[in-house]
$ cat target25.txt   # compact mmCIF, C-alpha atoms
# COMPACT_ATOMS: atom_id res chain seq x y z
CA MET R 1 165.88 48.46 32.58
CA LYS R 2 163.96 51.73 32.61
CA SER R 3 166.61 53.46 30.49
CA ARG R 4 166.33 50.72 27.85
CA LYS R 5 162.54 51.18 27.61
CA MET R 6 162.96 54.92 27.01
CA MET R 7 165.28 54.51 24.00
CA PRO R 8 162.56 53.91 21.38
CA GLY R 9 160.81 57.10 22.47
CA VAL R 10 164.01 59.07 22.11
CA ALA R 11 164.56 57.63 18.64
CA VAL R 12 161.05 58.62 17.59
CA LEU R 13 161.61 62.16 18.81
CA ALA R 14 164.91 62.36 16.93
CA VAL R 15 163.32 61.16 13.70
CA ALA R 16 160.52 63.66 14.13
CA ALA R 17 162.98 66.48 14.72
CA ILE R 18 164.94 65.55 11.56
CA ALA R 19 161.71 65.43 9.55
CA CYS R 20 160.69 68.82 10.86
CA GLY R 21 164.14 70.14 9.97
CA HIS R 22 163.78 68.87 6.39
CA ARG R 23 160.34 70.41 6.09
CA ALA R 24 161.67 73.72 7.44
CA ALA R 25 164.53 73.63 4.95
CA GLU R 26 162.10 72.85 2.12
CA ASP R 27 159.85 75.70 3.23
CA THR R 28 162.87 78.00 3.27
CA GLN R 29 163.88 76.89 -0.21
CA ARG R 30 160.36 77.49 -1.45
CA GLN R 31 160.42 81.08 -0.24
CA PRO R 32 160.55 83.38 -3.29
CA VAL R 33 163.94 84.94 -3.83
CA PRO R 34 163.81 88.73 -4.12
CA VAL R 35 165.20 89.93 -7.45
CA ARG R 36 165.11 93.02 -9.58
CA VAL R 37 164.09 92.62 -13.22
CA LYS R 38 164.13 94.70 -16.36
CA GLY R 39 162.29 94.30 -19.61
CA VAL R 40 164.34 94.23 -22.80
CA GLU R 41 163.14 95.71 -26.05
CA LYS R 42 164.41 96.40 -29.49
CA ARG R 43 166.20 99.68 -29.77
CA VAL R 44 166.49 101.63 -32.98
CA GLU R 45 170.03 102.83 -33.61
CA SER R 46 171.43 105.04 -36.29
CA ALA R 47 173.98 103.69 -38.73
CA THR R 48 176.70 105.82 -37.11
CA THR R 49 178.51 105.31 -33.83
CA ARG R 50 180.09 108.26 -32.01
CA TYR R 51 183.21 108.18 -29.88
CA SER R 52 184.86 110.86 -27.79
CA GLY R 53 188.52 111.64 -28.36
CA ALA R 54 191.14 114.14 -27.24
CA ILE R 55 193.00 116.53 -29.50
CA LEU R 56 196.79 116.26 -29.19
CA PRO R 57 199.59 117.94 -31.13
CA ALA R 58 200.94 116.10 -34.15
CA THR R 59 204.49 116.59 -32.82
CA GLN R 60 205.49 117.27 -29.22
CA VAL R 61 209.00 117.61 -27.79
CA ASP R 62 209.87 117.53 -24.09
CA LEU R 63 213.01 119.61 -23.51
CA ALA R 64 215.48 119.19 -20.67
CA PHE R 65 218.98 120.36 -19.83
CA ARG R 66 221.67 117.70 -20.23
CA VAL R 67 223.61 119.31 -17.37
CA GLY R 68 222.47 120.76 -14.07
CA GLY R 69 222.81 124.25 -12.68
CA TYR R 70 221.06 127.53 -11.88
CA VAL R 71 218.85 129.08 -14.56
CA GLN R 72 220.20 132.54 -15.33
CA GLN R 73 218.20 133.51 -18.41
CA ILE R 74 214.75 132.83 -19.92
CA LEU R 75 213.56 133.93 -23.36
CA GLN R 76 212.04 137.39 -23.25
CA ILE R 77 208.92 138.23 -25.28
CA LYS R 78 207.86 141.77 -26.17
CA ASP R 79 204.36 142.47 -24.92
CA GLY R 80 203.47 145.98 -26.02
CA THR R 81 206.02 148.31 -24.45
CA ALA R 82 207.17 145.79 -21.84
CA THR R 83 208.94 142.45 -21.98
CA ARG R 84 208.14 139.28 -20.11
CA ASN R 85 209.30 135.71 -19.82
CA VAL R 86 208.06 133.33 -22.50
CA GLN R 87 204.96 131.53 -21.31
CA GLU R 88 202.48 128.85 -22.34
CA GLY R 89 200.80 129.67 -25.63
CA ASP R 90 203.66 131.72 -27.08
CA ALA R 91 204.94 130.76 -30.53
CA VAL R 92 208.63 129.92 -30.79
CA LYS R 93 210.87 129.38 -33.80
CA LYS R 94 213.31 126.56 -34.40
CA GLY R 95 216.72 127.45 -32.91
CA THR R 96 215.31 130.03 -30.47
CA LEU R 97 217.16 130.13 -27.13
CA LEU R 98 214.53 129.29 -24.54
CA ALA R 99 216.71 129.34 -21.41
CA SER R 100 220.27 128.99 -20.22
CA ILE R 101 221.94 127.99 -16.99
CA ARG R 102 225.02 129.61 -15.45
CA PRO R 103 227.93 128.51 -17.67
CA SER R 104 230.89 129.65 -15.53
CA ASP R 105 231.45 126.29 -13.82
CA PHE R 106 231.47 124.46 -17.14
CA GLN R 107 233.66 127.08 -18.80
CA GLN R 108 236.27 126.59 -16.08
CA LYS R 109 236.16 122.84 -16.64
CA ALA R 110 236.55 123.42 -20.37
CA ALA R 111 239.56 125.68 -19.77
CA GLY R 112 241.15 123.04 -17.56
CA ALA R 113 240.49 120.37 -20.19
CA ASN R 114 242.11 122.53 -22.88
CA ALA R 115 245.16 123.05 -20.68
CA ALA R 116 245.39 119.30 -20.20
CA VAL R 117 245.35 118.89 -23.99
CA ALA R 118 248.23 121.36 -24.39
CA GLU R 119 250.23 119.54 -21.72
CA ALA R 120 249.58 116.16 -23.35
CA VAL R 121 250.60 117.50 -26.79
CA ALA R 122 253.87 118.84 -25.35
CA ALA R 123 254.58 115.50 -23.70
CA GLU R 124 253.89 113.75 -27.01
CA LYS R 125 256.38 116.00 -28.81
CA GLN R 126 259.06 115.24 -26.23
CA ALA R 127 258.36 111.52 -26.45
CA ARG R 128 258.57 111.64 -30.26
CA ILE R 129 261.92 113.44 -30.15
CA GLU R 130 263.28 110.82 -27.77
CA PHE R 131 261.91 108.05 -29.97
CA GLU R 132 263.62 109.47 -33.09
CA ARG R 133 266.91 109.76 -31.17
CA SER R 134 266.57 106.18 -29.95
CA LYS R 135 266.00 104.92 -33.49
CA MET R 136 269.24 106.58 -34.66
CA LEU R 137 271.22 105.22 -31.73
CA PHE R 138 269.82 101.76 -32.22
CA ALA R 139 270.71 101.90 -35.93
CA ASP R 140 274.33 102.66 -34.92
CA ALA R 141 274.18 99.88 -32.33
CA ASN R 142 274.69 102.35 -29.50
CA ILE R 143 271.59 101.21 -27.54
CA SER R 144 269.88 97.88 -27.06
CA LYS R 145 266.57 96.75 -28.53
CA ALA R 146 265.03 96.96 -25.06
CA GLU R 147 265.88 100.67 -24.81
CA LEU R 148 264.31 101.29 -28.25
CA ASP R 149 261.17 99.43 -27.19
CA ASN R 150 260.98 101.57 -24.06
CA SER R 151 261.07 104.76 -26.16
CA THR R 152 258.39 103.34 -28.46
CA ALA R 153 256.13 102.56 -25.51
CA LYS R 154 256.56 106.06 -24.11
CA LEU R 155 255.59 107.59 -27.45
CA GLU R 156 252.48 105.40 -27.73
CA THR R 157 251.48 106.33 -24.19
CA ALA R 158 251.91 110.03 -24.97
CA VAL R 159 249.79 109.72 -28.10
CA ALA R 160 247.04 107.95 -26.13
CA ARG R 161 247.10 110.66 -23.47
CA VAL R 162 246.66 113.32 -26.13
CA ALA R 163 243.59 111.49 -27.47
CA ALA R 164 242.13 111.12 -23.97
CA ALA R 165 242.75 114.79 -23.16
CA ARG R 166 241.10 115.90 -26.38
CA ALA R 167 238.09 113.69 -25.66
CA GLN R 168 237.72 115.24 -22.21
CA ALA R 169 238.05 118.70 -23.74
CA GLY R 170 235.32 117.82 -26.24
CA GLU R 171 233.01 116.69 -23.42
CA ALA R 172 233.72 119.89 -21.52
CA ALA R 173 232.94 122.00 -24.59
CA LEU R 174 229.73 120.02 -25.13
CA ALA R 175 228.74 120.67 -21.51
CA VAL R 176 229.17 124.39 -22.12
CA ASP R 177 226.89 124.14 -25.16
CA ASP R 178 224.37 122.16 -23.10
CA THR R 179 223.90 125.12 -20.77
CA ARG R 180 221.78 126.59 -23.58
CA LEU R 181 218.35 125.10 -24.32
CA VAL R 182 217.00 125.86 -27.79
CA SER R 183 213.76 124.88 -29.50
CA PRO R 184 214.29 122.08 -32.04
CA ILE R 185 211.07 122.87 -33.95
CA ASP R 186 208.71 125.67 -34.88
CA GLY R 187 205.77 125.41 -32.53
CA VAL R 188 203.86 126.61 -29.51
CA LEU R 189 205.09 126.45 -25.94
CA LEU R 190 202.81 124.16 -23.95
CA LYS R 191 204.68 124.15 -20.65
CA ARG R 192 207.40 126.05 -18.79
CA SER R 193 208.39 124.82 -15.35
CA VAL R 194 211.42 126.99 -14.46
CA GLU R 195 212.12 130.54 -13.38
CA VAL R 196 215.32 132.55 -13.24
CA GLY R 197 217.32 131.20 -10.30
CA THR R 198 215.78 127.72 -10.38
CA LEU R 199 218.26 124.91 -9.73
CA VAL R 200 217.60 122.26 -12.35
CA SER R 201 218.91 118.72 -12.46
CA PRO R 202 220.09 116.95 -15.61
CA GLY R 203 217.17 115.38 -17.47
CA THR R 204 214.45 117.40 -15.72
CA ILE R 205 211.82 118.48 -18.27
CA THR R 206 211.66 122.27 -18.26
CA PHE R 207 209.87 123.13 -21.52
CA VAL R 208 207.35 121.36 -23.75
CA VAL R 209 207.09 122.59 -27.34
CA ALA R 210 204.50 121.27 -29.79
CA ASP R 211 203.88 121.69 -33.49
CA THR R 212 200.14 122.38 -33.74
CA SER R 213 200.00 123.22 -37.44
CA SER R 214 198.32 119.83 -37.59
CA VAL R 215 196.76 117.92 -34.71
CA LYS R 216 195.71 114.36 -34.07
CA VAL R 217 192.55 113.06 -32.47
CA VAL R 218 193.19 110.04 -30.24
CA PHE R 219 190.30 107.78 -29.23
CA GLY R 220 189.73 104.20 -28.12
CA ALA R 221 187.85 101.79 -30.36
CA PRO R 222 186.60 98.23 -29.74
CA ASP R 223 188.06 95.40 -31.80
CA VAL R 224 185.07 95.22 -34.15
CA LEU R 225 185.63 98.86 -35.13
CA ALA R 226 189.43 98.64 -35.27
CA GLU R 227 189.10 95.88 -37.87
CA LYS R 228 187.01 98.15 -40.11
CA LEU R 229 189.39 101.12 -40.01
CA GLN R 230 192.36 101.42 -42.36
CA LEU R 231 195.41 103.64 -42.42
CA GLY R 232 194.68 106.57 -44.69
CA GLY R 233 190.92 106.15 -44.24
CA LYS R 234 188.61 109.01 -43.36
CA VAL R 235 186.54 109.58 -40.21
CA SER R 236 184.23 112.49 -39.40
CA VAL R 237 185.26 114.68 -36.46
CA ASN R 238 183.17 117.33 -34.76
CA VAL R 239 184.51 120.01 -32.39
CA GLN R 240 182.66 122.88 -30.80
CA THR R 241 185.03 125.55 -32.14
CA LYS R 242 184.27 124.70 -35.77
CA PRO R 243 180.83 124.19 -37.29
CA GLY R 244 180.06 121.03 -39.22
CA ASP R 245 182.04 117.82 -39.53
CA LEU R 246 185.76 117.76 -40.27
CA GLN R 247 187.38 114.95 -42.25
CA ALA R 248 190.32 113.41 -40.39
CA THR R 249 192.79 110.90 -41.82
CA VAL R 250 193.55 107.75 -39.82
CA THR R 251 197.31 107.72 -39.26
CA ARG R 252 197.76 105.05 -36.59
CA ILE R 253 195.96 101.93 -35.37
CA ALA R 254 197.44 100.34 -32.26
CA PRO R 255 198.56 96.74 -32.91
CA SER R 256 197.30 95.59 -29.49
CA ALA R 257 194.47 96.58 -27.17
CA ASP R 258 194.93 98.35 -23.86
CA PRO R 259 195.08 95.58 -21.21
CA LYS R 260 192.66 97.40 -18.90
CA ALA R 261 190.21 99.17 -21.19
CA ARG R 262 190.35 96.48 -23.90
CA VAL R 263 190.19 99.07 -26.67
CA PHE R 264 192.60 99.99 -29.45
CA ASP R 265 194.13 103.47 -29.62
CA ILE R 266 193.31 105.13 -32.93
CA GLU R 267 194.91 108.36 -34.17
CA ALA R 268 193.43 110.56 -36.91
CA ARG R 269 195.22 113.64 -38.29
CA LEU R 270 193.54 117.04 -38.81
CA PRO R 271 195.03 120.17 -40.43
CA ASN R 272 195.15 123.15 -38.09
CA ALA R 273 196.82 125.97 -39.99
CA ASP R 274 194.64 128.63 -38.32
CA GLY R 275 195.34 127.25 -34.82
CA THR R 276 191.68 127.10 -33.78
CA LEU R 277 192.05 123.49 -32.61
CA LYS R 278 193.70 123.62 -29.19
CA VAL R 279 195.52 120.83 -27.42
CA GLY R 280 193.24 119.14 -24.88
CA MET R 281 189.96 119.90 -26.65
CA ILE R 282 187.38 117.12 -26.82
CA ALA R 283 186.41 115.90 -30.26
CA SER R 284 183.48 113.69 -31.21
CA LEU R 285 184.16 111.12 -33.90
CA SER R 286 181.42 109.66 -36.08
CA VAL R 287 182.18 106.23 -37.44
CA PRO R 288 179.81 104.81 -40.09
CA GLU R 289 178.50 101.26 -40.15
CA SER R 290 178.14 100.69 -36.45
CA ALA R 291 178.22 97.19 -35.02
CA LEU R 292 174.61 97.73 -33.98
CA SER R 293 171.87 96.80 -36.40
CA GLU R 294 168.90 99.06 -37.04
CA THR R 295 166.92 97.17 -34.38
CA SER R 296 169.01 95.62 -31.64
CA ILE R 297 168.25 94.12 -28.24
CA MET R 298 170.58 95.46 -25.58
CA LEU R 299 171.04 93.38 -22.44
CA PRO R 300 172.35 94.87 -19.16
CA LEU R 301 175.72 93.37 -18.23
CA THR R 302 174.44 92.57 -14.72
CA ALA R 303 171.93 90.14 -16.24
CA VAL R 304 174.60 87.98 -17.90
CA VAL R 305 175.78 84.73 -16.26
CA ARG R 306 177.85 81.79 -17.43
CA SER R 307 175.88 79.04 -19.12
CA PRO R 308 175.98 75.70 -17.23
CA ARG R 309 175.47 73.95 -20.56
CA ASP R 310 178.45 75.55 -22.30
CA ALA R 311 181.64 76.56 -20.48
CA ARG R 312 182.26 79.26 -23.06
CA GLY R 313 178.67 80.36 -23.44
CA PHE R 314 176.50 82.86 -21.63
CA ALA R 315 172.93 82.87 -20.36
CA THR R 316 170.40 85.02 -18.56
CA TYR R 317 167.44 84.34 -16.28
CA VAL R 318 164.09 85.20 -17.88
CA VAL R 319 161.05 85.77 -15.65
CA ASP R 320 157.93 83.73 -16.43
CA GLY R 321 154.42 84.13 -15.04
CA PRO R 322 152.68 86.95 -13.21
CA ASP R 323 154.55 88.86 -10.49
CA GLU R 324 152.77 87.07 -7.63
CA LYS R 325 153.74 83.62 -9.00
CA ALA R 326 156.86 84.46 -10.93
CA THR R 327 159.63 81.95 -11.60
CA VAL R 328 162.87 82.27 -13.53
CA HIS R 329 164.22 80.02 -16.24
CA LEU R 330 167.74 79.95 -17.57
CA ARG R 331 168.01 80.84 -21.25
CA ASP R 332 171.18 80.67 -23.33
CA VAL R 333 171.98 83.83 -25.27
CA LYS R 334 174.47 84.72 -27.94
CA LEU R 335 176.18 88.01 -27.22
CA GLY R 336 177.74 90.61 -29.45
CA ASN R 337 179.72 93.75 -28.68
CA VAL R 338 179.68 95.67 -25.41
CA PHE R 339 178.43 99.25 -25.44
CA GLY R 340 178.87 100.95 -22.08
CA ASN R 341 176.97 98.96 -19.43
CA GLU R 342 175.04 96.95 -21.99
CA VAL R 343 175.83 94.15 -24.42
CA LEU R 344 174.23 93.31 -27.73
CA ALA R 345 172.02 90.19 -27.52
CA VAL R 346 172.33 88.66 -30.97
CA HIS R 347 170.19 85.57 -30.28
CA GLY R 348 168.07 84.14 -27.46
CA LEU R 349 165.92 87.07 -26.39
CA ALA R 350 162.84 88.73 -27.78
CA SER R 351 161.37 92.15 -27.24
CA GLY R 352 159.33 92.19 -24.03
CA ASP R 353 161.32 89.49 -22.17
CA ARG R 354 161.97 90.33 -18.54
CA VAL R 355 165.43 89.43 -17.28
CA VAL R 356 166.93 89.36 -13.78
CA VAL R 357 169.38 92.24 -13.43
CA GLN R 358 169.99 91.92 -9.67
CA GLY R 359 170.06 88.53 -8.00
CA ALA R 360 171.05 86.49 -11.05
CA THR R 361 173.86 84.83 -9.09
CA ILE R 362 171.59 83.49 -6.30
CA VAL R 363 168.84 81.88 -8.36
CA THR R 364 168.70 78.69 -10.38
CA ASP R 365 166.52 77.39 -13.18
CA GLY R 366 162.92 77.18 -11.90
CA THR R 367 163.45 79.27 -8.77
CA ALA R 368 160.39 81.14 -7.50
CA VAL R 369 161.15 84.84 -7.23
CA ARG R 370 159.66 87.92 -5.68
CA ILE R 371 160.08 90.98 -7.87
CA VAL R 372 161.22 94.05 -5.99
CA PRO R 373 161.32 97.59 -7.38

$ encode --input "target25.txt" --output "structure tokens"
Amino acid sequence: MKSRKMMPGVAVLAVAAIACGHRAAEDTQRQPVPVRVKGVEKRVESATTRYSGAILPATQVDLAFRVGGYVQQILQIKDGTATRNVQEGDAVKKGTLLASIRPSDFQQKAAGANAAVAEAVAAEKQARIEFERSKMLFADANISKAELDNSTAKLETAVARVAAARAQAGEAALAVDDTRLVSPIDGVLLKRSVEVGTLVSPGTITFVVADTSSVKVVFGAPDVLAEKLQLGGKVSVNVQTKPGDLQATVTRIAPSADPKARVFDIEARLPNADGTLKVGMIASLSVPESALSETSIMLPLTAVVRSPRDARGFATYVVDGPDEKATVHLRDVKLGNVFGNEVLAVHGLASGDRVVVQGATIVTDGTAVRIVP
């Protein structure tokens, strides 16, 4: 009986505890959320956008031996009264022997292949003589058709062996020629990775030769710029080694964007007869008619969130009220192109608006916030 009388009291205490819990939760929810904000303002931009690009040779050839072996000779260059091995930066002519590997092993194989050809030719002659004799005997009915067919088969086999032996001899002779590595173009040596005595494997790149009489500037461009450029069009290029702007001709626009950087590779050709433009230099490209307007509002990327009203749209949280009683309200924005860590806000923001740049993912529309530095 006593336990039954105590039940209502326990129920009252439980209800009170739940109510206190709700009030505590509400108090917690009402606590201002710390966020970091930044004011946006219109930024005046010039009508030209600049991009950084790298200077590369117009033509570059990676050279490798088709066969393997020990390097026994490297092109010698006269340097005053002494000679030295060819090195990076030296000019080479088309057809110049850059290096060779020891040919003795391949020459022996070539000699063996030639001997095999001579043996096969002799066997063919003998088989042909026997075939001619068999034809005469068969015509006089002195041998059967089967014996004539046997002689014919032997001759055909001998002919095939001659062809195979000559093919092997040709491969052996080609291997001997492949012990010599020559430059296929007039250019400048960019790389040499072998020394005399180095054991090289077939296909290992040993020399890199480039034609630098003209160079290309390669840079990445966003889609809005790639659409404005045309093959044969002109872009202004600036390098530190030459004063003023140089006019480069667009020679290639990548058909697809890089999957990671999301930019299109653009190549622009520059003449370089005097050789002052070196491979690897940094060039600055000036592209007219930037995607930015004369006065544009740039929004930090960290302030952008998905719009709950539009699955494909974007929004940002704008701070309202004084700092001590600040709240945030979700505002839809229309975005343009991305420039570094900022994005162009085409519509939805005005100069002077303060947006949440840290904490935008933990607040909702109407949340009270505490602004932290």

$ atom_distance --input "target25.txt" --atom1 "atom CA of Ile74 of chain R" --atom2 "atom CA of Leu97 of chain R"
8.1 Å

$ closest_atom_pairs --input "target25.txt" --of "segment 275-319 of chain R" --to "segment 197-215 of chain R" --cutoff "12 Å" --atoms "all atoms listed in the file" --output "tab-separated table"
residue	atom	partner	partner_atom	distance
R:Gly275	CA	R:Ser213	CA	6.7
R:Thr276	CA	R:Thr212	CA	9.7
R:Leu277	CA	R:Val215	CA	7.6
R:Lys278	CA	R:Thr212	CA	8.0
R:Val279	CA	R:Val215	CA	7.9
R:Gly280	CA	R:Val215	CA	10.5
R:Met281	CA	R:Val215	CA	10.7
R:Ala283	CA	R:Val215	CA	11.4

$ residues_around --input "target25.txt" --residues "Leu301 of chain R" --least-positions-apart "5" --cutoff "7 Å" --atoms "all atoms listed in the file" --output "number ranges by chain"
R: 341-343

$ residues_around --input "target25.txt" --residues "segment 359-364 of chain R" --least-positions-apart "4" --cutoff "12 Å" --atoms "all atoms listed in the file" --output "PyMOL selection string"
chain R and resi 29-38+300-308+315-319+327-331+355+368-372

$ residues_around --input "target25.txt" --residues "segment 233-250 of chain R" --least-positions-apart "5" --cutoff "12 Å" --atoms "only C-alpha atoms" --output "PyMOL selection string"
chain R and resi 48-55+214-219+225-226+228+265-272+274-278+280-289

$ atom_distance --input "target25.txt" --atom1 "atom CA of Phe264 of chain R" --atom2 "atom CA of Lys191 of chain R"
28.4 Å

$ atom_distance --input "target25.txt" --atom1 "atom CA of Met136 of chain R" --atom2 "atom CA of Leu148 of chain R"
9.7 Å

$ residues_around --input "target25.txt" --residues "Ile101 of chain R" --least-positions-apart "6" --cutoff "6 Å" --atoms "all atoms listed in the file" --output "list in words"
Gly69, Tyr70, Val71, Gln72 and Thr179 of chain R

$ closest_residue --input "target25.txt" --among "R:Leu299, R:Ile185, R:Val356, R:Ala165" --to "Lys334 of chain R" --atoms "all atoms listed in the file"
R:Leu299
